[in-house]
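target-v3.pdb follows; it contains PDB, C-alpha atoms, pLDDT in the B column.
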```pdb
ATOM      1  CA  MET V  15       0.000   0.000   0.000  1.00 44.00           C
ATOM      2  CA  GLU V  16       1.076   3.561  -0.474  1.00 43.00           C
ATOM      3  CA  SER V  17       3.677   4.747   1.979  1.00 43.00           C
ATOM      4  CA  GLY V  18       2.469   8.320   1.975  1.00 42.00           C
ATOM      5  CA  PHE V  19      -0.560   7.569   4.123  1.00 41.00           C
ATOM      6  CA  GLY V  20       0.715   8.363   7.580  1.00 42.00           C
ATOM      7  CA  SER V  21       3.051  11.254   6.916  1.00 44.00           C
ATOM      8  CA  ASP V  22       0.920  13.758   5.064  1.00 46.00           C
ATOM      9  CA  PHE V  23      -2.314  13.519   6.923  1.00 44.00           C
ATOM     10  CA  GLY V  24      -1.356  14.281  10.473  1.00 44.00           C
ATOM     11  CA  SER V  25      -2.163  17.974  10.441  1.00 47.00           C
ATOM     12  CA  ASP V  26      -5.059  19.212  12.527  1.00 48.00           C
ATOM     13  CA  PHE V  27      -8.002  21.082  11.144  1.00 48.00           C
ATOM     14  CA  GLY V  28      -7.111  24.587  12.141  1.00 45.00           C
ATOM     15  CA  SER V  29      -3.388  24.588  11.649  1.00 48.00           C
ATOM     16  CA  GLY V  30      -3.440  25.069   7.910  1.00 46.00           C
ATOM     17  CA  GLY V  31      -6.307  27.500   7.805  1.00 44.00           C
ATOM     18  CA  GLY V  32      -5.154  30.085  10.318  1.00 45.00           C
ATOM     19  CA  GLY V  33      -3.289  32.702   8.387  1.00 47.00           C
ATOM     20  CA  ALA V  34      -2.459  36.214   9.475  1.00 51.00           C
ATOM     21  CA  GLY V  35      -5.964  37.324  10.369  1.00 51.00           C
ATOM     22  CA  GLY V  36      -6.940  33.993  11.967  1.00 55.00           C
ATOM     23  CA  LYS V  37      -9.736  33.649   9.383  1.00 68.00           C
ATOM     24  CA  LEU V  38     -10.606  30.046   8.456  1.00 76.00           C
ATOM     25  CA  ASP V  39     -10.800  29.213   4.785  1.00 83.00           C
ATOM     26  CA  PRO V  40     -13.801  26.954   4.153  1.00 81.00           C
ATOM     27  CA  GLY V  41     -12.235  25.666   0.957  1.00 86.00           C
ATOM     28  CA  LEU V  42      -9.173  24.493   2.836  1.00 90.00           C
ATOM     29  CA  ILE V  43     -11.277  22.934   5.577  1.00 89.00           C
ATOM     30  CA  MET V  44     -13.335  21.048   2.995  1.00 91.00           C
ATOM     31  CA  GLU V  45     -10.162  19.707   1.424  1.00 93.00           C
ATOM     32  CA  GLN V  46      -8.830  18.585   4.777  1.00 94.00           C
ATOM     33  CA  VAL V  47     -12.142  16.918   5.608  1.00 93.00           C
ATOM     34  CA  LYS V  48     -12.042  15.040   2.307  1.00 95.00           C
ATOM     35  CA  VAL V  49      -8.545  13.850   3.088  1.00 96.00           C
ATOM     36  CA  GLN V  50      -9.523  12.711   6.568  1.00 95.00           C
ATOM     37  CA  ILE V  51     -12.502  10.836   5.160  1.00 96.00           C
ATOM     38  CA  ALA V  52     -10.308   9.160   2.566  1.00 96.00           C
ATOM     39  CA  VAL V  53      -7.848   8.088   5.221  1.00 97.00           C
ATOM     40  CA  ALA V  54     -10.654   6.688   7.361  1.00 96.00           C
ATOM     41  CA  ASN V  55     -11.972   4.684   4.426  1.00 97.00           C
ATOM     42  CA  ALA V  56      -8.549   3.303   3.635  1.00 97.00           C
ATOM     43  CA  GLN V  57      -8.109   2.267   7.254  1.00 98.00           C
ATOM     44  CA  GLU V  58     -11.484   0.563   7.254  1.00 97.00           C
ATOM     45  CA  LEU V  59     -10.622  -1.293   4.062  1.00 98.00           C
ATOM     46  CA  LEU V  60      -7.272  -2.390   5.482  1.00 98.00           C
ATOM     47  CA  GLN V  61      -8.829  -3.579   8.707  1.00 98.00           C
ATOM     48  CA  ARG V  62     -11.439  -5.742   7.010  1.00 98.00           C
ATOM     49  CA  MET V  63      -8.969  -7.039   4.446  1.00 98.00           C
ATOM     50  CA  THR V  64      -6.552  -8.060   7.179  1.00 98.00           C
ATOM     51  CA  ASP V  65      -9.326  -9.865   9.038  1.00 98.00           C
ATOM     52  CA  LYS V  66     -10.533 -11.768   5.966  1.00 97.00           C
ATOM     53  CA  CYS V  67      -7.090 -12.697   4.703  1.00 97.00           C
ATOM     54  CA  PHE V  68      -5.898 -13.832   8.093  1.00 97.00           C
ATOM     55  CA  ARG V  69      -8.888 -16.146   8.286  1.00 96.00           C
ATOM     56  CA  LYS V  70      -8.309 -17.524   4.784  1.00 95.00           C
ATOM     57  CA  CYS V  71      -4.568 -17.896   4.838  1.00 96.00           C
ATOM     58  CA  ILE V  72      -3.356 -18.602   8.328  1.00 96.00           C
ATOM     59  CA  GLY V  73      -4.125 -22.024   9.751  1.00 95.00           C
ATOM     60  CA  LYS V  74      -2.434 -22.852  12.968  1.00 95.00           C
ATOM     61  CA  PRO V  75      -0.150 -19.889  13.710  1.00 96.00           C
ATOM     62  CA  GLY V  76       3.505 -20.867  13.484  1.00 95.00           C
ATOM     63  CA  GLY V  77       6.625 -19.054  14.552  1.00 97.00           C
ATOM     64  CA  ALA V  78       6.635 -16.938  11.383  1.00 97.00           C
ATOM     65  CA  LEU V  79       4.693 -16.413   8.154  1.00 97.00           C
ATOM     66  CA  ASP V  80       5.945 -19.058   5.745  1.00 96.00           C
ATOM     67  CA  ASN V  81       6.177 -18.576   1.954  1.00 97.00           C
ATOM     68  CA  ALA V  82       2.842 -20.242   1.244  1.00 96.00           C
ATOM     69  CA  GLU V  83       1.089 -18.035   3.746  1.00 97.00           C
ATOM     70  CA  GLN V  84       2.695 -14.895   2.330  1.00 97.00           C
ATOM     71  CA  LYS V  85       1.706 -15.858  -1.216  1.00 96.00           C
ATOM     72  CA  CYS V  86      -1.819 -16.537  -0.044  1.00 97.00           C
ATOM     73  CA  ILE V  87      -2.066 -13.186   1.728  1.00 97.00           C
ATOM     74  CA  ALA V  88      -0.795 -11.345  -1.346  1.00 97.00           C
ATOM     75  CA  MET V  89      -3.364 -13.045  -3.594  1.00 97.00           C
ATOM     76  CA  CYS V  90      -6.055 -12.531  -0.997  1.00 98.00           C
ATOM     77  CA  MET V  91      -5.367  -8.787  -0.880  1.00 98.00           C
ATOM     78  CA  ASP V  92      -5.786  -8.508  -4.654  1.00 98.00           C
ATOM     79  CA  ARG V  93      -8.974 -10.587  -4.617  1.00 98.00           C
ATOM     80  CA  TYR V  94     -10.383  -8.514  -1.790  1.00 98.00           C
ATOM     81  CA  MET V  95      -9.763  -5.324  -3.782  1.00 98.00           C
ATOM     82  CA  ASP V  96     -11.375  -6.951  -6.842  1.00 98.00           C
ATOM     83  CA  SER V  97     -14.353  -7.900  -4.695  1.00 98.00           C
ATOM     84  CA  TRP V  98     -14.621  -4.434  -3.199  1.00 98.00           C
ATOM     85  CA  ASN V  99     -14.615  -2.873  -6.654  1.00 98.00           C
ATOM     86  CA  THR V 100     -17.179  -5.369  -7.944  1.00 98.00           C
ATOM     87  CA  VAL V 101     -19.474  -4.635  -5.006  1.00 98.00           C
ATOM     88  CA  SER V 102     -19.000  -0.893  -5.456  1.00 98.00           C
ATOM     89  CA  ARG V 103     -19.920  -1.107  -9.144  1.00 98.00           C
ATOM     90  CA  ALA V 104     -22.913  -3.372  -8.488  1.00 98.00           C
ATOM     91  CA  TYR V 105     -24.217  -1.112  -5.734  1.00 98.00           C
ATOM     92  CA  ASN V 106     -23.789   1.965  -7.884  1.00 98.00           C
ATOM     93  CA  SER V 107     -25.684   0.313 -10.755  1.00 97.00           C
ATOM     94  CA  ARG V 108     -28.498  -0.630  -8.403  1.00 97.00           C
ATOM     95  CA  LEU V 109     -28.743   2.917  -7.069  1.00 97.00           C
ATOM     96  CA  GLN V 110     -28.916   4.314 -10.580  1.00 97.00           C
ATOM     97  CA  ARG V 111     -31.599   1.808 -11.493  1.00 96.00           C
ATOM     98  CA  GLU V 112     -33.619   2.754  -8.444  1.00 94.00           C
ATOM     99  CA  ARG V 113     -33.286   6.420  -9.283  1.00 93.00           C
ATOM    100  CA  ALA V 114     -34.389   5.778 -12.872  1.00 93.00           C
ATOM    101  CA  ASN V 115     -37.502   3.994 -11.627  1.00 89.00           C
ATOM    102  CA  MET V 116     -38.623   6.829  -9.378  1.00 82.00           C
TER     103      MET V 116
ATOM    104  CA  THR R 227       0.219  -6.309  -9.467  1.00 46.00           C
ATOM    105  CA  ARG R 228       1.778  -3.267  -7.885  1.00 52.00           C
ATOM    106  CA  GLY R 229       0.205  -0.849 -10.344  1.00 52.00           C
ATOM    107  CA  ARG R 230      -3.170  -2.499 -10.043  1.00 49.00           C
ATOM    108  CA  LYS R 231      -3.023  -2.616  -6.290  1.00 50.00           C
ATOM    109  CA  GLY R 232      -2.024   1.015  -6.162  1.00 49.00           C
ATOM    110  CA  ARG R 233      -4.773   2.018  -8.525  1.00 51.00           C
ATOM    111  CA  ALA R 234      -7.386   0.013  -6.693  1.00 46.00           C
ATOM    112  CA  ALA R 235      -6.223   1.292  -3.336  1.00 48.00           C
ATOM    113  CA  ARG R 236      -6.354   4.831  -4.691  1.00 51.00           C
ATOM    114  CA  ALA R 237      -9.802   4.249  -6.061  1.00 46.00           C
ATOM    115  CA  ALA R 238     -10.954   2.883  -2.733  1.00 47.00           C
ATOM    116  CA  ARG R 239      -9.344   5.830  -1.006  1.00 48.00           C
ATOM    117  CA  GLU R 240     -11.089   8.335  -3.267  1.00 48.00           C
ATOM    118  CA  GLY R 241     -14.441   6.594  -3.022  1.00 46.00           C
ATOM    119  CA  ARG R 242     -14.611   5.265  -6.545  1.00 47.00           C
ATOM    120  CA  ALA R 243     -18.295   5.019  -7.334  1.00 45.00           C
ATOM    121  CA  ASP R 244     -19.523   8.474  -6.662  1.00 42.00           C
ATOM    122  CA  PRO R 245     -23.303   8.611  -6.460  1.00 44.00           C
ATOM    123  CA  ASP R 246     -24.962  11.945  -6.874  1.00 44.00           C
ATOM    124  CA  PRO R 247     -27.120  12.914  -3.937  1.00 43.00           C
ATOM    125  CA  GLY R 248     -30.841  12.394  -3.849  1.00 43.00           C
ATOM    126  CA  THR R 249     -30.849   8.644  -4.099  1.00 45.00           C
ATOM    127  CA  GLY R 250     -34.066   8.332  -2.215  1.00 44.00           C
ATOM    128  CA  MET R 251     -32.322   8.424   1.135  1.00 49.00           C
ATOM    129  CA  ASP R 252     -32.825  11.716   2.900  1.00 49.00           C
ATOM    130  CA  ALA R 253     -29.659  13.667   3.575  1.00 51.00           C
ATOM    131  CA  PRO R 254     -29.519  14.689   7.218  1.00 54.00           C
ATOM    132  CA  SER R 255     -30.476  18.256   7.968  1.00 54.00           C
ATOM    133  CA  ALA R 256     -27.283  20.191   8.273  1.00 52.00           C
ATOM    134  CA  THR R 257     -28.890  23.534   8.996  1.00 54.00           C
ATOM    135  CA  GLY R 258     -27.134  23.813  12.326  1.00 60.00           C
ATOM    136  CA  LEU R 259     -23.691  23.170  10.933  1.00 58.00           C
ATOM    137  CA  GLY R 260     -23.875  24.879   7.604  1.00 53.00           C
ATOM    138  CA  ALA R 261     -26.468  27.555   8.355  1.00 63.00           C
ATOM    139  CA  ALA R 262     -24.093  30.418   7.719  1.00 74.00           C
ATOM    140  CA  ASP R 263     -22.601  28.967   4.542  1.00 82.00           C
ATOM    141  CA  PRO R 264     -24.741  27.208   1.930  1.00 86.00           C
ATOM    142  CA  GLN R 265     -21.609  25.930   0.219  1.00 87.00           C
ATOM    143  CA  LEU R 266     -20.532  24.241   3.420  1.00 87.00           C
ATOM    144  CA  GLN R 267     -23.996  22.802   3.941  1.00 90.00           C
ATOM    145  CA  ARG R 268     -23.997  21.362   0.454  1.00 92.00           C
ATOM    146  CA  PHE R 269     -20.545  19.938   1.039  1.00 93.00           C
ATOM    147  CA  ILE R 270     -21.693  18.216   4.229  1.00 93.00           C
ATOM    148  CA  GLU R 271     -24.732  16.710   2.495  1.00 94.00           C
ATOM    149  CA  VAL R 272     -22.680  15.383  -0.381  1.00 95.00           C
ATOM    150  CA  GLU R 273     -19.917  13.964   1.792  1.00 95.00           C
ATOM    151  CA  THR R 274     -22.422  12.346   4.135  1.00 95.00           C
ATOM    152  CA  GLN R 275     -24.111  10.679   1.199  1.00 96.00           C
ATOM    153  CA  LYS R 276     -20.754   9.485  -0.129  1.00 96.00           C
ATOM    154  CA  GLN R 277     -19.852   8.071   3.245  1.00 97.00           C
ATOM    155  CA  ARG R 278     -23.107   6.157   3.505  1.00 96.00           C
ATOM    156  CA  PHE R 279     -22.296   4.597   0.166  1.00 97.00           C
ATOM    157  CA  GLN R 280     -18.742   3.737   1.220  1.00 98.00           C
ATOM    158  CA  GLN R 281     -19.885   2.172   4.466  1.00 98.00           C
ATOM    159  CA  LEU R 282     -22.382  -0.031   2.715  1.00 98.00           C
ATOM    160  CA  VAL R 283     -19.773  -1.155   0.196  1.00 98.00           C
ATOM    161  CA  HIS R 284     -17.475  -2.114   3.077  1.00 98.00           C
ATOM    162  CA  GLN R 285     -20.271  -3.992   4.795  1.00 98.00           C
ATOM    163  CA  MET R 286     -21.497  -5.813   1.679  1.00 98.00           C
ATOM    164  CA  THR R 287     -17.972  -6.728   0.590  1.00 98.00           C
ATOM    165  CA  GLU R 288     -17.404  -8.334   3.967  1.00 97.00           C
ATOM    166  CA  LEU R 289     -20.705 -10.224   3.924  1.00 98.00           C
ATOM    167  CA  CYS R 290     -20.468 -11.318   0.309  1.00 98.00           C
ATOM    168  CA  TRP R 291     -16.860 -12.411   0.685  1.00 98.00           C
ATOM    169  CA  GLU R 292     -18.059 -15.025   3.158  1.00 97.00           C
ATOM    170  CA  LYS R 293     -20.688 -16.273   0.731  1.00 97.00           C
ATOM    171  CA  CYS R 294     -18.849 -16.023  -2.554  1.00 97.00           C
ATOM    172  CA  MET R 295     -15.139 -16.564  -2.008  1.00 96.00           C
ATOM    173  CA  ASP R 296     -13.694 -20.007  -1.431  1.00 92.00           C
ATOM    174  CA  LYS R 297      -9.953 -19.936  -1.875  1.00 91.00           C
ATOM    175  CA  PRO R 298      -8.379 -16.714  -3.169  1.00 92.00           C
ATOM    176  CA  GLY R 299      -6.944 -17.468  -6.604  1.00 93.00           C
ATOM    177  CA  PRO R 300      -4.865 -15.506  -9.137  1.00 95.00           C
ATOM    178  CA  LYS R 301      -7.972 -13.698 -10.320  1.00 95.00           C
ATOM    179  CA  LEU R 302     -11.651 -13.226  -9.526  1.00 95.00           C
ATOM    180  CA  ASP R 303     -13.358 -15.865 -11.667  1.00 93.00           C
ATOM    181  CA  SER R 304     -16.655 -15.113 -13.364  1.00 95.00           C
ATOM    182  CA  ARG R 305     -18.665 -17.341 -11.039  1.00 96.00           C
ATOM    183  CA  ALA R 306     -17.417 -15.482  -7.987  1.00 97.00           C
ATOM    184  CA  GLU R 307     -18.002 -12.147  -9.701  1.00 97.00           C
ATOM    185  CA  THR R 308     -21.591 -13.117 -10.518  1.00 98.00           C
ATOM    186  CA  CYS R 309     -22.045 -14.213  -6.926  1.00 98.00           C
ATOM    187  CA  PHE R 310     -20.875 -10.829  -5.662  1.00 98.00           C
ATOM    188  CA  VAL R 311     -23.249  -8.973  -7.987  1.00 98.00           C
ATOM    189  CA  ASN R 312     -26.186 -11.192  -6.965  1.00 98.00           C
ATOM    190  CA  CYS R 313     -25.215 -10.799  -3.351  1.00 98.00           C
ATOM    191  CA  VAL R 314     -25.380  -7.004  -3.559  1.00 98.00           C
ATOM    192  CA  GLU R 315     -28.769  -7.097  -5.289  1.00 98.00           C
ATOM    193  CA  ARG R 316     -30.218  -9.577  -2.768  1.00 98.00           C
ATOM    194  CA  PHE R 317     -28.878  -7.575   0.127  1.00 98.00           C
ATOM    195  CA  ILE R 318     -30.618  -4.438  -1.121  1.00 98.00           C
ATOM    196  CA  ASP R 319     -33.767  -6.499  -1.772  1.00 98.00           C
ATOM    197  CA  THR R 320     -33.613  -7.822   1.785  1.00 98.00           C
ATOM    198  CA  SER R 321     -33.226  -4.340   3.175  1.00 97.00           C
ATOM    199  CA  GLN R 322     -36.205  -3.067   1.167  1.00 97.00           C
ATOM    200  CA  PHE R 323     -38.290  -6.099   2.061  1.00 97.00           C
ATOM    201  CA  ILE R 324     -37.687  -5.507   5.748  1.00 97.00           C
ATOM    202  CA  LEU R 325     -38.587  -1.823   5.498  1.00 96.00           C
ATOM    203  CA  ASN R 326     -41.738  -2.534   3.502  1.00 96.00           C
ATOM    204  CA  ARG R 327     -42.950  -5.274   5.767  1.00 96.00           C
ATOM    205  CA  LEU R 328     -42.238  -3.196   8.834  1.00 95.00           C
ATOM    206  CA  GLU R 329     -44.274  -0.378   7.347  1.00 93.00           C
ATOM    207  CA  GLN R 330     -47.170  -2.747   6.614  1.00 92.00           C
ATOM    208  CA  THR R 331     -46.993  -4.195  10.091  1.00 89.00           C
ATOM    209  CA  GLN R 332     -47.184  -0.768  11.657  1.00 88.00           C
ATOM    210  CA  LYS R 333     -50.102   0.247   9.451  1.00 86.00           C
ATOM    211  CA  SER R 334     -52.236  -2.786  10.207  1.00 84.00           C
ATOM    212  CA  LYS R 335     -51.604  -2.790  13.930  1.00 77.00           C
ATOM    213  CA  SER R 336     -51.717   0.110  16.297  1.00 63.00           C
ATOM    214  CA  ALA R 337     -48.394  -0.658  17.969  1.00 60.00           C
ATOM    215  CA  PHE R 338     -45.297  -2.526  16.810  1.00 60.00           C
ATOM    216  CA  SER R 339     -45.112  -4.345  20.132  1.00 63.00           C
ATOM    217  CA  GLU R 340     -48.367  -6.113  19.284  1.00 60.00           C
ATOM    218  CA  SER R 341     -46.823  -7.734  16.232  1.00 59.00           C
ATOM    219  CA  LEU R 342     -43.761  -8.776  18.218  1.00 69.00           C
ATOM    220  CA  SER R 343     -45.855 -10.673  20.703  1.00 63.00           C
ATOM    221  CA  ASP R 344     -47.641 -12.673  17.951  1.00 57.00           C
TER     222      ASP R 344
END
```
What do you get writing this file as structure tokens?
Amino acid sequence: MESGFGSDFGSDFGSGGGGAGGKLDPGLIMEQVKVQIAVANAQELLQRMTDKCFRKCIGKPGGALDNAEQKCIAMCMDRYMDSWNTVSRAYNSRLQRERANM
Amino acid sequence: TRGRKGRAARAAREGRADPDPGTGMDAPSATGLGAADPQLQRFIEVETQKQRFQQLVHQMTELCWEKCMDKPGPKLDSRAETCFVNCVERFIDTSQFILNRLEQTQKSKSAFSESLSD
């Protein structure tokens, strides 16, 4: 996964929007909110992916992850992303269909 | 796979399927928060709607994974893909069914608790 996740997104809300007069820029706040939301979604995805792939790939936990387990986890990650995208597309289609029927 | 993973992760991060608001679900009233700034209020409505969508995708992916995925292979085969699509549709159907039946139950009886005790 991207390495830039943790480093860029640690700033608080107000720190970037202060400025000389202390006036908050709504545009900047909206951008920061979007970023925070994106980070939260990525974390959620990671958490669920880790759960599912651990269940699928790790039998009785050994002293380390062996090669088979690592290969399985790597494939599992890709399949989970594929599944997520498939679900996202299917849900979007359904929503559009519902809207068209209204 | 690195490029694909990165792209998919980016798509997931950006909330790939972006529904426009007004999908039949009411956006929460944001008059308190965005009262002074209609742009901000609009922003809140849109982002809230997007988040609802994202959350449901997370939830359905998790549920449907259990039903549709046996052993993760080198690609998502067409049978699994069909299963995921069906799963999404049936989940939405289930949700609508529950809402409709609940509505009927409340109409025909004076109190919901009556129907629970049947």
Would you mind listing what lies within 12 Å of Ser107 in chain V as an mmCIF file with C-alpha atoms, in the coordinates of the input, with all atoms listed in the file counted and same-chain residues fewer than 2 positions away left out?
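Heads up, here's the output in out.cif:
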```cif
data_model
loop_
_atom_site.group_PDB
_atom_site.id
_atom_site.type_symbol
_atom_site.label_atom_id
_atom_site.label_comp_id
_atom_site.auth_asym_id
_atom_site.auth_seq_id
_atom_site.Cartn_x
_atom_site.Cartn_y
_atom_site.Cartn_z
ATOM 1 C CA THR V 100 -17.179 -5.369 -7.944
ATOM 2 C CA VAL V 101 -19.474 -4.635 -5.006
ATOM 3 C CA SER V 102 -19.000 -0.893 -5.456
ATOM 4 C CA ARG V 103 -19.920 -1.107 -9.144
ATOM 5 C CA ALA V 104 -22.913 -3.372 -8.488
ATOM 6 C CA TYR V 105 -24.217 -1.112 -5.734
ATOM 7 C CA LEU V 109 -28.743 2.917 -7.069
ATOM 8 C CA GLN V 110 -28.916 4.314 -10.580
ATOM 9 C CA ARG V 111 -31.599 1.808 -11.493
ATOM 10 C CA GLU V 112 -33.619 2.754 -8.444
ATOM 11 C CA ARG V 113 -33.286 6.420 -9.283
ATOM 12 C CA ALA V 114 -34.389 5.778 -12.872
ATOM 13 C CA ALA R 243 -18.295 5.019 -7.334
ATOM 14 C CA ASP R 244 -19.523 8.474 -6.662
ATOM 15 C CA PRO R 245 -23.303 8.611 -6.460
ATOM 16 C CA THR R 249 -30.849 8.644 -4.099
ATOM 17 C CA VAL R 311 -23.249 -8.973 -7.987
ATOM 18 C CA VAL R 314 -25.380 -7.004 -3.559
ATOM 19 C CA GLU R 315 -28.769 -7.097 -5.289
ATOM 20 C CA ILE R 318 -30.618 -4.438 -1.121
#
```
Enter the distance from CA of Gln280 in chain R to CA of Thr308 in chain R, in Å, rounded to one decimal. 20.7 Å
Got a sec to resolve the PyMOL selection byres ((chain V) within 9 of (chain R)) on this structure and send the residues as a VMD selection string? chain V and resid 15 to 16 40 to 41 44 48 to 49 51 to 56 58 to 59 62 to 63 66 to 67 70 to 71 86 to 87 89 to 106 108 to 110 112 to 113 116
Between CA of Glu329 in chain R and CA of Val272 in chain R, what is the spacing in Å?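 Separation between CA of Val272 in chain R and CA of Glu329 in chain R: 27.8 Å.
For the atom pair formed by CA of Ala78 in chain V and CA of Leu60 in chain V, the distance is 21.0 Å, given to one decimal.
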Listed atoms of range 292-297 of chain R, axis-aligned box, 6 Å per side: centre and edge lengths to one decimal in Å, as lines of an AutoDock Vina configuration file?
```
center_x = -15.3
center_y = -17.5
center_z = 0.3
size_x = 22.7
size_y = 17.0
size_z = 17.7
```
Range 83-98 of chain V dumped to file, N, CA and C atoms, as a PDB file, in the first residue's frame:
```pdb
ATOM      1  N   GLU V  83       2.000 -18.971   3.088  1.00  0.00           N
ATOM      2  CA  GLU V  83       1.089 -18.035   3.746  1.00  0.00           C
ATOM      3  C   GLU V  83       1.235 -16.637   3.137  1.00  0.00           C
ATOM      4  N   GLN V  84       2.466 -16.225   2.893  1.00  0.00           N
ATOM      5  CA  GLN V  84       2.695 -14.895   2.330  1.00  0.00           C
ATOM      6  C   GLN V  84       2.093 -14.789   0.932  1.00  0.00           C
ATOM      7  N   LYS V  85       2.286 -15.840   0.133  1.00  0.00           N
ATOM      8  CA  LYS V  85       1.706 -15.858  -1.216  1.00  0.00           C
ATOM      9  C   LYS V  85       0.189 -15.776  -1.148  1.00  0.00           C
ATOM     10  N   CYS V  86      -0.360 -16.521  -0.206  1.00  0.00           N
ATOM     11  CA  CYS V  86      -1.819 -16.537  -0.044  1.00  0.00           C
ATOM     12  C   CYS V  86      -2.335 -15.156   0.334  1.00  0.00           C
ATOM     13  N   ILE V  87      -1.645 -14.517   1.278  1.00  0.00           N
ATOM     14  CA  ILE V  87      -2.066 -13.186   1.728  1.00  0.00           C
ATOM     15  C   ILE V  87      -2.013 -12.194   0.569  1.00  0.00           C
ATOM     16  N   ALA V  88      -0.939 -12.259  -0.215  1.00  0.00           N
ATOM     17  CA  ALA V  88      -0.795 -11.345  -1.346  1.00  0.00           C
ATOM     18  C   ALA V  88      -1.940 -11.524  -2.346  1.00  0.00           C
ATOM     19  N   MET V  89      -2.255 -12.777  -2.667  1.00  0.00           N
ATOM     20  CA  MET V  89      -3.364 -13.045  -3.594  1.00  0.00           C
ATOM     21  C   MET V  89      -4.690 -12.607  -2.984  1.00  0.00           C
ATOM     22  N   CYS V  90      -4.821 -12.871  -1.703  1.00  0.00           N
ATOM     23  CA  CYS V  90      -6.055 -12.531  -0.997  1.00  0.00           C
ATOM     24  C   CYS V  90      -6.303 -11.027  -1.035  1.00  0.00           C
ATOM     25  N   MET V  91      -5.236 -10.243  -0.847  1.00  0.00           N
ATOM     26  CA  MET V  91      -5.367  -8.787  -0.880  1.00  0.00           C
ATOM     27  C   MET V  91      -5.930  -8.338  -2.229  1.00  0.00           C
ATOM     28  N   ASP V  92      -5.333  -8.874  -3.310  1.00  0.00           N
ATOM     29  CA  ASP V  92      -5.786  -8.508  -4.654  1.00  0.00           C
ATOM     30  C   ASP V  92      -7.244  -8.905  -4.875  1.00  0.00           C
ATOM     31  N   ARG V  93      -7.587 -10.121  -4.428  1.00  0.00           N
ATOM     32  CA  ARG V  93      -8.974 -10.587  -4.617  1.00  0.00           C
ATOM     33  C   ARG V  93      -9.943  -9.756  -3.798  1.00  0.00           C
ATOM     34  N   TYR V  94      -9.503  -9.344  -2.620  1.00  0.00           N
ATOM     35  CA  TYR V  94     -10.383  -8.514  -1.790  1.00  0.00           C
ATOM     36  C   TYR V  94     -10.649  -7.181  -2.472  1.00  0.00           C
ATOM     37  N   MET V  95      -9.595  -6.583  -3.050  1.00  0.00           N
ATOM     38  CA  MET V  95      -9.763  -5.324  -3.782  1.00  0.00           C
ATOM     39  C   MET V  95     -10.690  -5.535  -4.973  1.00  0.00           C
ATOM     40  N   ASP V  96     -10.486  -6.632  -5.715  1.00  0.00           N
ATOM     41  CA  ASP V  96     -11.375  -6.951  -6.842  1.00  0.00           C
ATOM     42  C   ASP V  96     -12.824  -7.040  -6.358  1.00  0.00           C
ATOM     43  N   SER V  97     -12.999  -7.723  -5.237  1.00  0.00           N
ATOM     44  CA  SER V  97     -14.353  -7.900  -4.695  1.00  0.00           C
ATOM     45  C   SER V  97     -14.949  -6.558  -4.307  1.00  0.00           C
ATOM     46  N   TRP V  98     -14.160  -5.746  -3.638  1.00  0.00           N
ATOM     47  CA  TRP V  98     -14.621  -4.434  -3.199  1.00  0.00           C
ATOM     48  C   TRP V  98     -15.079  -3.618  -4.416  1.00  0.00           C
TER      49      TRP V  98
END
```
